[in-house]
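The structure appears below as structure tokens.
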Amino acid sequence: MSRKQGVRPVVVAIDGPAGAGKSTISALVAERMGLVRVDTGAIYRALTLAVIEEGRTDDEAAACLGALDLRFEGGRCFLGTRDVSDEIRTPEVTARVSSVAAQPAVRAGLLSAQRQLGRAHGRGAVLEGRDIGTVVFPDADVKIFLTASAEARAERRLKELASRGVQSSFEAVRAALIERDRFDSERDVAPLVQAPDAICVDTTGKDIAQVVEEISVIVRDRLAALQ
Ligand code: DC
């Protein structure tokens with residue numbers, strides 16, 4: 001269906017490694033373009049929280065999918081009636097989420113939910129994750145691969161952790177980011193990889209406003225070309 005017919009919601013895919021700025025940038029780009037933002041990492045994180053609370057191993061994660069009562073409202077993430085937005089970002093969840101997300105049954109089980117979330121809003125959505133442009137929406141209207149040097153990403157992650165009262169060191173954060181990226185990139189199913197038709201945006205040394213402007217221009221130009 002062409003964009004000219006004007007009925008299909010816009011899909012903007014933003015993939016990239018941990019700490020590249022996907023969350024902040026996708027939220028601001030979505031706001032600017034009047035689209036909803038879907039944080040697919042939060043889905044894998046909420047499942048990981050359920051796995052931990054149910055005392056399951058990572059291999060058993062798919063068994064928690066059936067009872068996963070996950071909801072997003074006002075930028076917050078709920079499991080049932082419980083707001084778990086902060087709990088899904090603890091170091092304990094972060095340490096296990098890559099392994100949970102590598103389970104083929106987990107990825108297959110979460111695919112249609114992500115597609116539904118991406119199509120739920122009339123105008124469209126900005127989805128951020130690792131495999132949005134390659135697997136979830138291979139026909140996305142715009143694909144961005146957001147990246148930055150490991151040092152810049154670790155610096156940002158360290159600040160974000162500190163703002164939530166979590167103390168760590170630059171070296172520990174950098175090593176953990178690199179390890180998680182390696183794991184996400186080397187898994188068998190839907191690995192983190194730049195889609196051949198994605199535009200790479202390197203955020204190293206750029207501030208948020210600059211990157212939001214750069215991506216908004218890419219999105220506008222691409223949508224105009226599709227008219
Ligand atoms: O973006 P994040 O750091 O919140 O993502 C947490 C983990 O979830 C990440 O290490 C890999 C996994 N993930 C994934 O495999 N596919 C996605 N589309 C999004 C996240």
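In the structure tokens, chains take the letters A, B, ... in the order shown, each chain's residues start at 1, and ligands count up from 1 in the order shown.
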
For ligand 1, list the contacting residues at 8 Å or closer, counting only C-alpha atoms and all ligand atoms, as a ChimeraX atom specification. /A:15,17-19,22-23,39-45,89,94,97-98,101-102,107,128-132,136,180-181,183-184,190-192

Those of region 2-219 of chain A in DSSP strand (DSSP E), formatted as a PyMOL selection string: chain A and resi 10-15+36-39+70-73+76-79+82-83+124-129+142-147+199-202

Counting only C-alpha atoms, which residue out of A:Ala162, A:Ala30, A:Leu35, A:Leu110 sits closest to Arg123 (chain A)?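 Among A:Ala162, A:Ala30, A:Leu35, A:Leu110, it is A:Leu35 that comes nearest to Arg123 (chain A).
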
Hey, could you make a per-residue contact list for region 78-115 of chain A against region 52-60 of chain A with 7 Å as the cut-off, showing the nearest pair of atoms and its distance in Å to one decimal, counting only C-alpha atoms, sorted by chain and number, as JSON lines?
```
{"residue": "A:Ser99", "atom": "CA", "partner": "A:Asp58", "partner_atom": "CA", "distance": 6.4}
{"residue": "A:Val100", "atom": "CA", "partner": "A:Asp58", "partner_atom": "CA", "distance": 5.1}
{"residue": "A:Gln103", "atom": "CA", "partner": "A:Asp59", "partner_atom": "CA", "distance": 6.8}
```

Name the residues of chain A that fall into helix (DSSP H, G or I) according to DSSP on the backbone, using the chain letters and numbers of this document, as a PyMOL selection string. chain A and resi 3-5+22-33+40-53+58-64+87-89+91-101+104-119+132-136+150-163+170-186+208-226
